[in-house]
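Colleague: The following file, protein_30.pdb, comprises PDB, C-alpha atoms:
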ATOM      1  CA  MET A   1       0.000   0.000   0.000  1.00  0.00           C
ATOM      2  CA  ASN A   2       1.321   3.462  -0.880  1.00  0.00           C
ATOM      3  CA  SER A   3       1.752   5.380   2.392  1.00  0.00           C
ATOM      4  CA  ALA A   4       1.151   8.657   0.492  1.00  0.00           C
ATOM      5  CA  ARG A   5      -2.190   7.505  -0.885  1.00  0.00           C
ATOM      6  CA  GLN A   6      -5.128   9.753  -0.103  1.00  0.00           C
ATOM      7  CA  TYR A   7      -8.376   8.205   1.144  1.00  0.00           C
ATOM      8  CA  ARG A   8     -11.824   9.746   1.021  1.00  0.00           C
ATOM      9  CA  TYR A   9     -13.019   8.797   4.488  1.00  0.00           C
ATOM     10  CA  PHE A  10      -9.895   8.032   6.532  1.00  0.00           C
ATOM     11  CA  ASP A  11      -9.634  11.494   8.141  1.00  0.00           C
ATOM     12  CA  LEU A  12     -13.345  11.505   8.951  1.00  0.00           C
ATOM     13  CA  ILE A  13     -13.121   8.124  10.663  1.00  0.00           C
ATOM     14  CA  MET A  14     -10.087   9.291  12.634  1.00  0.00           C
ATOM     15  CA  ALA A  15     -11.931  12.435  13.785  1.00  0.00           C
ATOM     16  CA  VAL A  16     -14.937  10.454  15.020  1.00  0.00           C
ATOM     17  CA  PHE A  17     -12.662   7.879  16.652  1.00  0.00           C
ATOM     18  CA  VAL A  18     -10.791  10.556  18.634  1.00  0.00           C
ATOM     19  CA  THR A  19     -14.052  12.297  19.606  1.00  0.00           C
ATOM     20  CA  VAL A  20     -15.459   9.061  20.982  1.00  0.00           C
ATOM     21  CA  LEU A  21     -12.277   8.512  23.009  1.00  0.00           C
ATOM     22  CA  VAL A  22     -12.231  11.958  24.616  1.00  0.00           C
ATOM     23  CA  VAL A  23     -15.966  12.045  25.361  1.00  0.00           C
ATOM     24  CA  SER A  24     -15.965   8.542  26.856  1.00  0.00           C
ATOM     25  CA  ASN A  25     -12.988   9.473  29.021  1.00  0.00           C
ATOM     26  CA  ILE A  26     -14.838  12.496  30.402  1.00  0.00           C
ATOM     27  CA  ALA A  27     -17.932  10.378  31.062  1.00  0.00           C
ATOM     28  CA  SER A  28     -15.803   7.807  32.901  1.00  0.00           C
ATOM     29  CA  SER A  29     -14.627  10.451  35.331  1.00  0.00           C
ATOM     30  CA  ALA A  30     -18.029  12.101  35.695  1.00  0.00           C
ATOM     31  CA  LYS A  31     -20.290   9.234  36.767  1.00  0.00           C
ATOM     32  CA  ILE A  32     -20.551   5.577  37.782  1.00  0.00           C
ATOM     33  CA  VAL A  33     -23.765   3.982  36.520  1.00  0.00           C
ATOM     34  CA  ASP A  34     -25.627   1.333  38.523  1.00  0.00           C
ATOM     35  CA  TRP A  35     -28.165  -0.688  36.575  1.00  0.00           C
ATOM     36  CA  GLY A  36     -29.783  -1.896  39.784  1.00  0.00           C
ATOM     37  CA  PHE A  37     -29.272  -5.656  39.453  1.00  0.00           C
ATOM     38  CA  SER A  38     -26.594  -8.286  39.868  1.00  0.00           C
ATOM     39  CA  ILE A  39     -25.379 -11.235  37.794  1.00  0.00           C
ATOM     40  CA  PHE A  40     -23.932 -14.153  39.752  1.00  0.00           C
ATOM     41  CA  GLY A  41     -23.650 -11.876  42.747  1.00  0.00           C
ATOM     42  CA  VAL A  42     -21.738  -9.176  40.874  1.00  0.00           C
ATOM     43  CA  ARG A  43     -23.396  -5.755  40.839  1.00  0.00           C
ATOM     44  CA  MET A  44     -23.928  -4.370  37.334  1.00  0.00           C
ATOM     45  CA  ALA A  45     -22.232  -1.012  37.893  1.00  0.00           C
ATOM     46  CA  PHE A  46     -19.657   0.674  35.683  1.00  0.00           C
ATOM     47  CA  ASP A  47     -18.218   4.056  34.793  1.00  0.00           C
ATOM     48  CA  ALA A  48     -20.375   5.968  32.308  1.00  0.00           C
ATOM     49  CA  GLY A  49     -17.665   5.990  29.659  1.00  0.00           C
ATOM     50  CA  THR A  50     -18.230   2.280  29.207  1.00  0.00           C
ATOM     51  CA  ILE A  51     -21.438   3.090  27.322  1.00  0.00           C
ATOM     52  CA  LEU A  52     -19.558   4.878  24.538  1.00  0.00           C
ATOM     53  CA  PHE A  53     -16.010   3.513  24.673  1.00  0.00           C
ATOM     54  CA  PRO A  54     -16.761   0.185  22.892  1.00  0.00           C
ATOM     55  CA  VAL A  55     -17.568   2.213  19.777  1.00  0.00           C
ATOM     56  CA  SER A  56     -13.877   3.141  19.561  1.00  0.00           C
ATOM     57  CA  TYR A  57     -13.036  -0.553  19.202  1.00  0.00           C
ATOM     58  CA  ILE A  58     -15.528  -0.865  16.378  1.00  0.00           C
ATOM     59  CA  PHE A  59     -13.797   2.009  14.599  1.00  0.00           C
ATOM     60  CA  GLY A  60     -10.457   0.389  15.394  1.00  0.00           C
ATOM     61  CA  ASP A  61     -11.637  -2.834  13.764  1.00  0.00           C
ATOM     62  CA  ILE A  62     -12.817  -0.976  10.685  1.00  0.00           C
ATOM     63  CA  LEU A  63      -9.553   0.956  10.383  1.00  0.00           C
ATOM     64  CA  THR A  64      -7.355  -2.138  10.608  1.00  0.00           C
ATOM     65  CA  GLU A  65      -9.603  -4.272   8.407  1.00  0.00           C
ATOM     66  CA  VAL A  66      -9.777  -1.725   5.588  1.00  0.00           C
ATOM     67  CA  TYR A  67      -6.626   0.420   5.851  1.00  0.00           C
ATOM     68  CA  GLY A  68      -4.241  -1.946   7.633  1.00  0.00           C
ATOM     69  CA  TYR A  69      -2.293  -1.888  10.901  1.00  0.00           C
ATOM     70  CA  LYS A  70       0.103   0.850   9.774  1.00  0.00           C
ATOM     71  CA  ASN A  71      -2.641   3.403   9.245  1.00  0.00           C
ATOM     72  CA  SER A  72      -4.482   2.204  12.336  1.00  0.00           C
ATOM     73  CA  ARG A  73      -1.288   2.765  14.341  1.00  0.00           C
ATOM     74  CA  ARG A  74      -1.301   6.445  13.293  1.00  0.00           C
ATOM     75  CA  VAL A  75      -4.876   6.846  14.488  1.00  0.00           C
ATOM     76  CA  ILE A  76      -4.172   5.122  17.806  1.00  0.00           C
ATOM     77  CA  TRP A  77      -1.295   7.523  18.482  1.00  0.00           C
ATOM     78  CA  ALA A  78      -3.464  10.477  17.450  1.00  0.00           C
ATOM     79  CA  GLY A  79      -6.061   9.351  19.980  1.00  0.00           C
ATOM     80  CA  PHE A  80      -3.379   8.932  22.631  1.00  0.00           C
ATOM     81  CA  ALA A  81      -2.105  12.478  22.025  1.00  0.00           C
ATOM     82  CA  CYS A  82      -5.625  13.946  22.211  1.00  0.00           C
ATOM     83  CA  LEU A  83      -6.380  12.110  25.447  1.00  0.00           C
ATOM     84  CA  ALA A  84      -3.160  13.439  26.960  1.00  0.00           C
ATOM     85  CA  LEU A  85      -3.936  16.957  25.714  1.00  0.00           C
ATOM     86  CA  SER A  86      -7.433  16.872  27.207  1.00  0.00           C
ATOM     87  CA  ALA A  87      -5.932  15.878  30.574  1.00  0.00           C
ATOM     88  CA  VAL A  88      -3.539  18.833  30.432  1.00  0.00           C
ATOM     89  CA  ILE A  89      -6.382  21.227  29.582  1.00  0.00           C
ATOM     90  CA  PHE A  90      -8.562  19.978  32.448  1.00  0.00           C
ATOM     91  CA  GLY A  91      -5.538  20.296  34.731  1.00  0.00           C
ATOM     92  CA  VAL A  92      -4.989  23.928  33.735  1.00  0.00           C
ATOM     93  CA  VAL A  93      -8.694  24.747  34.153  1.00  0.00           C
ATOM     94  CA  ARG A  94      -8.586  23.134  37.585  1.00  0.00           C
ATOM     95  CA  PHE A  95      -6.193  25.799  38.872  1.00  0.00           C
ATOM     96  CA  LEU A  96      -7.790  28.811  37.201  1.00  0.00           C
ATOM     97  CA  PRO A  97      -9.779  31.137  39.549  1.00  0.00           C
ATOM     98  CA  GLY A  98     -13.537  30.668  39.398  1.00  0.00           C
ATOM     99  CA  GLU A  99     -16.017  33.465  38.645  1.00  0.00           C
ATOM    100  CA  ALA A 100     -18.073  34.620  41.670  1.00  0.00           C
ATOM    101  CA  GLN A 101     -21.539  33.598  40.433  1.00  0.00           C
ATOM    102  CA  TRP A 102     -20.267  30.247  39.194  1.00  0.00           C
ATOM    103  CA  GLU A 103     -18.714  29.599  42.613  1.00  0.00           C
ATOM    104  CA  LYS A 104     -22.148  30.069  44.206  1.00  0.00           C
ATOM    105  CA  TYR A 105     -24.072  27.506  42.158  1.00  0.00           C
ATOM    106  CA  ALA A 106     -21.235  25.117  41.334  1.00  0.00           C
ATOM    107  CA  GLY A 107     -17.752  25.998  42.516  1.00  0.00           C
ATOM    108  CA  ASP A 108     -14.370  24.349  42.531  1.00  0.00           C
ATOM    109  CA  ALA A 109     -15.574  21.563  44.817  1.00  0.00           C
ATOM    110  CA  ALA A 110     -18.124  20.444  42.194  1.00  0.00           C
ATOM    111  CA  TYR A 111     -15.551  20.708  39.419  1.00  0.00           C
ATOM    112  CA  LEU A 112     -13.036  18.636  41.358  1.00  0.00           C
ATOM    113  CA  ALA A 113     -15.664  16.049  42.291  1.00  0.00           C
ATOM    114  CA  ILE A 114     -16.868  15.543  38.719  1.00  0.00           C
ATOM    115  CA  LEU A 115     -14.061  16.524  36.360  1.00  0.00           C
ATOM    116  CA  GLY A 116     -11.087  16.729  38.683  1.00  0.00           C
ATOM    117  CA  GLY A 117     -10.300  13.127  37.926  1.00  0.00           C
ATOM    118  CA  MET A 118      -9.580  14.085  34.312  1.00  0.00           C
ATOM    119  CA  SER A 119      -6.414  15.809  35.494  1.00  0.00           C
ATOM    120  CA  SER A 120      -5.498  13.538  38.389  1.00  0.00           C
ATOM    121  CA  GLY A 121      -2.474  11.327  37.868  1.00  0.00           C
ATOM    122  CA  GLY A 122      -4.320   8.088  38.581  1.00  0.00           C
ATOM    123  CA  ILE A 123      -7.191   8.347  36.140  1.00  0.00           C
ATOM    124  CA  VAL A 124      -5.013   9.882  33.418  1.00  0.00           C
ATOM    125  CA  LEU A 125      -2.379   7.168  33.688  1.00  0.00           C
ATOM    126  CA  ALA A 126      -5.046   4.438  33.857  1.00  0.00           C
ATOM    127  CA  SER A 127      -6.906   5.793  30.830  1.00  0.00           C
ATOM    128  CA  LEU A 128      -3.819   6.262  28.692  1.00  0.00           C
ATOM    129  CA  ALA A 129      -2.273   2.906  29.627  1.00  0.00           C
ATOM    130  CA  GLY A 130      -5.537   0.998  29.178  1.00  0.00           C
ATOM    131  CA  TYR A 131      -6.326   2.661  25.872  1.00  0.00           C
ATOM    132  CA  TRP A 132      -2.814   2.259  24.433  1.00  0.00           C
ATOM    133  CA  SER A 133      -2.369  -1.385  25.391  1.00  0.00           C
ATOM    134  CA  GLY A 134      -5.923  -2.397  24.479  1.00  0.00           C
ATOM    135  CA  GLU A 135      -6.107  -0.674  21.097  1.00  0.00           C
ATOM    136  CA  PHE A 136      -2.750  -1.954  19.897  1.00  0.00           C
ATOM    137  CA  THR A 137      -3.609  -5.471  21.065  1.00  0.00           C
ATOM    138  CA  ASN A 138      -6.945  -5.275  19.255  1.00  0.00           C
ATOM    139  CA  SER A 139      -5.378  -4.033  16.014  1.00  0.00           C
ATOM    140  CA  PHE A 140      -2.554  -6.591  16.110  1.00  0.00           C
ATOM    141  CA  VAL A 141      -4.872  -9.547  16.744  1.00  0.00           C
ATOM    142  CA  LEU A 142      -7.294  -8.501  13.990  1.00  0.00           C
ATOM    143  CA  ALA A 143      -4.486  -8.005  11.450  1.00  0.00           C
ATOM    144  CA  LYS A 144      -3.013 -11.435  12.200  1.00  0.00           C
ATOM    145  CA  MET A 145      -6.411 -13.137  12.172  1.00  0.00           C
ATOM    146  CA  LYS A 146      -7.196 -11.593   8.786  1.00  0.00           C
ATOM    147  CA  ILE A 147      -4.161 -13.322   7.316  1.00  0.00           C
ATOM    148  CA  LEU A 148      -4.952 -16.619   9.044  1.00  0.00           C
ATOM    149  CA  THR A 149      -8.569 -16.582   7.844  1.00  0.00           C
ATOM    150  CA  ARG A 150      -7.545 -15.310   4.375  1.00  0.00           C
ATOM    151  CA  GLY A 151     -10.000 -12.464   4.711  1.00  0.00           C
ATOM    152  CA  ARG A 152     -12.990 -14.720   5.400  1.00  0.00           C
ATOM    153  CA  TRP A 153     -15.317 -14.732   8.423  1.00  0.00           C
ATOM    154  CA  LEU A 154     -14.984 -11.076   9.359  1.00  0.00           C
ATOM    155  CA  TRP A 155     -17.026 -11.617  12.517  1.00  0.00           C
ATOM    156  CA  THR A 156     -14.418 -13.985  13.955  1.00  0.00           C
ATOM    157  CA  ARG A 157     -11.705 -11.342  13.923  1.00  0.00           C
ATOM    158  CA  THR A 158     -13.834  -8.344  14.920  1.00  0.00           C
ATOM    159  CA  ILE A 159     -15.218 -10.197  17.932  1.00  0.00           C
ATOM    160  CA  GLY A 160     -12.049 -12.208  18.593  1.00  0.00           C
ATOM    161  CA  SER A 161      -9.768  -9.162  18.575  1.00  0.00           C
ATOM    162  CA  THR A 162     -12.195  -7.278  20.813  1.00  0.00           C
ATOM    163  CA  ILE A 163     -12.323 -10.118  23.346  1.00  0.00           C
ATOM    164  CA  VAL A 164      -8.535  -9.928  23.688  1.00  0.00           C
ATOM    165  CA  GLY A 165      -8.130  -6.165  23.351  1.00  0.00           C
ATOM    166  CA  GLU A 166     -10.942  -5.248  25.724  1.00  0.00           C
ATOM    167  CA  LEU A 167      -9.635  -7.716  28.304  1.00  0.00           C
ATOM    168  CA  VAL A 168      -6.220  -6.045  28.252  1.00  0.00           C
ATOM    169  CA  ASP A 169      -7.755  -2.565  28.285  1.00  0.00           C
ATOM    170  CA  THR A 170     -10.171  -3.260  31.135  1.00  0.00           C
ATOM    171  CA  VAL A 171      -7.712  -5.021  33.416  1.00  0.00           C
ATOM    172  CA  VAL A 172      -5.010  -2.375  32.902  1.00  0.00           C
ATOM    173  CA  PHE A 173      -7.428   0.549  33.354  1.00  0.00           C
ATOM    174  CA  VAL A 174      -9.234  -0.699  36.454  1.00  0.00           C
ATOM    175  CA  SER A 175      -6.019  -1.990  38.046  1.00  0.00           C
ATOM    176  CA  ILE A 176      -4.148   1.297  37.716  1.00  0.00           C
ATOM    177  CA  ALA A 177      -7.208   3.381  38.655  1.00  0.00           C
ATOM    178  CA  SER A 178      -7.758   1.267  41.768  1.00  0.00           C
ATOM    179  CA  LEU A 179      -4.049   1.415  42.654  1.00  0.00           C
ATOM    180  CA  PHE A 180      -4.206   5.227  42.643  1.00  0.00           C
ATOM    181  CA  GLY A 181      -7.442   5.282  44.643  1.00  0.00           C
ATOM    182  CA  VAL A 182      -9.704   6.462  41.816  1.00  0.00           C
ATOM    183  CA  PHE A 183     -11.937   3.429  42.388  1.00  0.00           C
ATOM    184  CA  PRO A 184     -12.069   1.429  45.638  1.00  0.00           C
ATOM    185  CA  TRP A 185     -10.596  -2.078  45.439  1.00  0.00           C
ATOM    186  CA  SER A 186     -13.967  -3.372  46.632  1.00  0.00           C
ATOM    187  CA  LEU A 187     -15.328  -2.463  43.181  1.00  0.00           C
ATOM    188  CA  PHE A 188     -12.443  -4.030  41.249  1.00  0.00           C
ATOM    189  CA  LEU A 189     -14.253  -7.234  40.286  1.00  0.00           C
ATOM    190  CA  THR A 190     -17.542  -5.472  39.615  1.00  0.00           C
ATOM    191  CA  LEU A 191     -16.028  -2.759  37.435  1.00  0.00           C
ATOM    192  CA  SER A 192     -13.730  -5.176  35.595  1.00  0.00           C
ATOM    193  CA  LEU A 193     -16.408  -7.765  34.882  1.00  0.00           C
ATOM    194  CA  THR A 194     -19.209  -5.366  33.972  1.00  0.00           C
ATOM    195  CA  ASN A 195     -16.912  -3.228  31.802  1.00  0.00           C
ATOM    196  CA  TYR A 196     -15.594  -6.258  29.964  1.00  0.00           C
ATOM    197  CA  LEU A 197     -18.927  -8.005  29.419  1.00  0.00           C
ATOM    198  CA  PHE A 198     -20.673  -4.828  28.337  1.00  0.00           C
ATOM    199  CA  LYS A 199     -17.941  -3.806  25.878  1.00  0.00           C
ATOM    200  CA  CYS A 200     -17.758  -7.250  24.282  1.00  0.00           C
ATOM    201  CA  SER A 201     -21.550  -7.443  24.057  1.00  0.00           C
ATOM    202  CA  VAL A 202     -21.714  -4.102  22.262  1.00  0.00           C
ATOM    203  CA  GLU A 203     -19.109  -5.310  19.755  1.00  0.00           C
ATOM    204  CA  ALA A 204     -21.064  -8.499  19.082  1.00  0.00           C
ATOM    205  CA  LEU A 205     -24.380  -6.652  18.710  1.00  0.00           C
ATOM    206  CA  MET A 206     -22.821  -4.117  16.347  1.00  0.00           C
ATOM    207  CA  THR A 207     -21.445  -6.817  14.031  1.00  0.00           C
ATOM    208  CA  PRO A 208     -24.039  -6.212  11.248  1.00  0.00           C
ATOM    209  CA  ILE A 209     -23.203  -2.488  11.262  1.00  0.00           C
ATOM    210  CA  THR A 210     -19.489  -3.268  11.218  1.00  0.00           C
ATOM    211  CA  TYR A 211     -20.023  -5.574   8.216  1.00  0.00           C
ATOM    212  CA  ALA A 212     -21.911  -2.857   6.347  1.00  0.00           C
ATOM    213  CA  ALA A 213     -19.321  -0.169   7.144  1.00  0.00           C
ATOM    214  CA  VAL A 214     -16.394  -2.385   6.132  1.00  0.00           C
ATOM    215  CA  ALA A 215     -18.042  -3.408   2.849  1.00  0.00           C
ATOM    216  CA  THR A 216     -18.918   0.195   1.982  1.00  0.00           C
ATOM    217  CA  LEU A 217     -15.443   1.512   2.770  1.00  0.00           C
ATOM    218  CA  LYS A 218     -13.632  -1.251   0.898  1.00  0.00           C
ATOM    219  CA  LYS A 219     -15.693  -0.484  -2.176  1.00  0.00           C
ATOM    220  CA  SER A 220     -15.404   3.305  -1.895  1.00  0.00           C
ATOM    221  CA  GLU A 221     -11.704   3.383  -1.026  1.00  0.00           C
ATOM    222  CA  GLN A 222     -10.732   0.485  -3.304  1.00  0.00           C
ATOM    223  CA  GLU A 223      -8.720  -0.868  -0.400  1.00  0.00           C
ATOM    224  CA  ASP A 224      -8.617  -4.170   1.486  1.00  0.00           C
ATOM    225  CA  TYR A 225      -5.218  -4.304   3.130  1.00  0.00           C
ATOM    226  CA  TYR A 226      -3.434  -7.440   4.365  1.00  0.00           C
ATOM    227  CA  ASP A 227      -0.596  -6.911   6.856  1.00  0.00           C
ATOM    228  CA  ARG A 228       1.688  -9.634   5.488  1.00  0.00           C
ATOM    229  CA  ASP A 229       4.909  -7.606   5.577  1.00  0.00           C
ATOM    230  CA  THR A 230       3.970  -5.085   8.245  1.00  0.00           C
ATOM    231  CA  ASN A 231       6.287  -4.039  11.051  1.00  0.00           C
ATOM    232  CA  PHE A 232       4.010  -4.325  14.090  1.00  0.00           C
ATOM    233  CA  ASN A 233       6.226  -2.272  16.382  1.00  0.00           C
ATOM    234  CA  PRO A 234       3.724   0.189  17.954  1.00  0.00           C
ATOM    235  CA  PHE A 235       6.455   2.833  18.270  1.00  0.00           C
ATOM    236  CA  ARG A 236       7.219   2.892  14.538  1.00  0.00           C
ATOM    237  CA  ILE A 237       5.314   6.050  13.697  1.00  0.00           C
ATOM    238  CA  LYS A 238       6.620   6.734  10.182  1.00  0.00           C
TER     239      LYS A 238
END
Can you give me the file's structure in the form of structure tokens?
Modeller:
Amino acid sequence: MNSARQYRYFDLIMAVFVTVLVVSNIASSAKIVDWGFSIFGVRMAFDAGTILFPVSYIFGDILTEVYGYKNSRRVIWAGFACLALSAVIFGVVRFLPGEAQWEKYAGDAAYLAILGGMSSGGIVLASLAGYWSGEFTNSFVLAKMKILTRGRWLWTRTIGSTIVGELVDTVVFVSIASLFGVFPWSLFLTLSLTNYLFKCSVEALMTPITYAAVATLKKSEQEDYYDRDTNFNPFRIK
């Protein structure tokens, strides 16, 4: 594949991918959702970002399936940079003086309680580490499975790569967040299990949409890349 080739929809997909990442990260810090029931004794509660974050894996699958690991790697790093930038911005805002009227109805205490986590070392490190390790695992597994399956049975690699990638992402994120006191260790199993099951379920349910998006993009872009000679080093940016 020519690295200088211009695609019609690649930039658009990257923009939506990054938006989903940043918004889901904010939602994760802002609220923990409790669905009010338990499965096998485990409470179905998770951070709100879990609702949207699985969509990023769907976009990751589409990117790798159509454009290949090399182009997907660029998007993953772009998302990483934007997540880091958003953390810096929230950190700067955290220390700016609040306006008098805003302090009365909201105030710094409310900001710190809801969005302060976006600039705290624990949640930032957990989010970045979970995202980076999970997305690269997902992309690598899908690229390898595409070669093994000779491009057949798309559902096996979209779901299979998500099962592995989301497991890495969830365990890394919740572990680091709990280690830094963002979440109590008492919620480790609940958050890990509910996050993982929910994310994988969304991927499975979205399979028909993923099929349609992949087919449309392959036809429009005239691209269906196989990573046979790809250097899978995640740090090889060029």
Colleague: From the options A:Asn138, A:Ser178, A:Asn71, A:Thr156, which residue's atoms come nearest to Tyr7 (chain A), counting only C-alpha atoms?
Modeller: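 Checking each candidate against Tyr7 (chain A), we get A:Asn71 as the closest.
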Colleague: Measuring between only C-alpha atoms, which one of A:Ile26, A:Ile114, A:Ile32, A:Val66 shows the shortest distance to Leu83 (chain A)?
Modeller: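 Checking each candidate against Leu83 (chain A), we get A:Ile26 as the closest.
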Colleague: Taking all atoms listed in the file into account, which of A:Gly36, A:Gly181, A:Gly49, A:Asp169 comes nearest Val22 (chain A)?
Modeller: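 Distance minimum relative to Val22 (chain A) lands on A:Gly49.
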Colleague: Choose the residue, out of A:Leu167, A:Asp227, A:Phe37, A:Thr216, that has the smallest atom-to-atom separation from Leu193 (chain A); count all atoms listed in the file.
Modeller: A:Leu167
Colleague: To one decimal place, how far is CA of Leu191 (chain A) from CA of Val174 (chain A) in Å?
Modeller: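 Between CA of Leu191 (chain A) and CA of Val174 (chain A) the gap works out to 7.2 Å.
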Colleague: For CA of Thr50 (chain A) and CA of Thr170 (chain A), determine how far apart the two atoms are, in Å to one decimal place.
Modeller: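 Taking CA of Thr50 (chain A) and CA of Thr170 (chain A), their separation equals 10.0 Å.
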Colleague: Env of Asp47 (chain A): 9 Å cut, atoms = all atoms listed in the file, seq-sep filter 2 positions within chain, self excluded. Answer as a list in words.
Modeller: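 The contact residues come out as Ala27, Ser28, Ser29, Ala30, Lys31, Ile32, Val33, Asp34, Ala45, Gly49, Thr50, Ile51, Leu191 and Asn195 of chain A.
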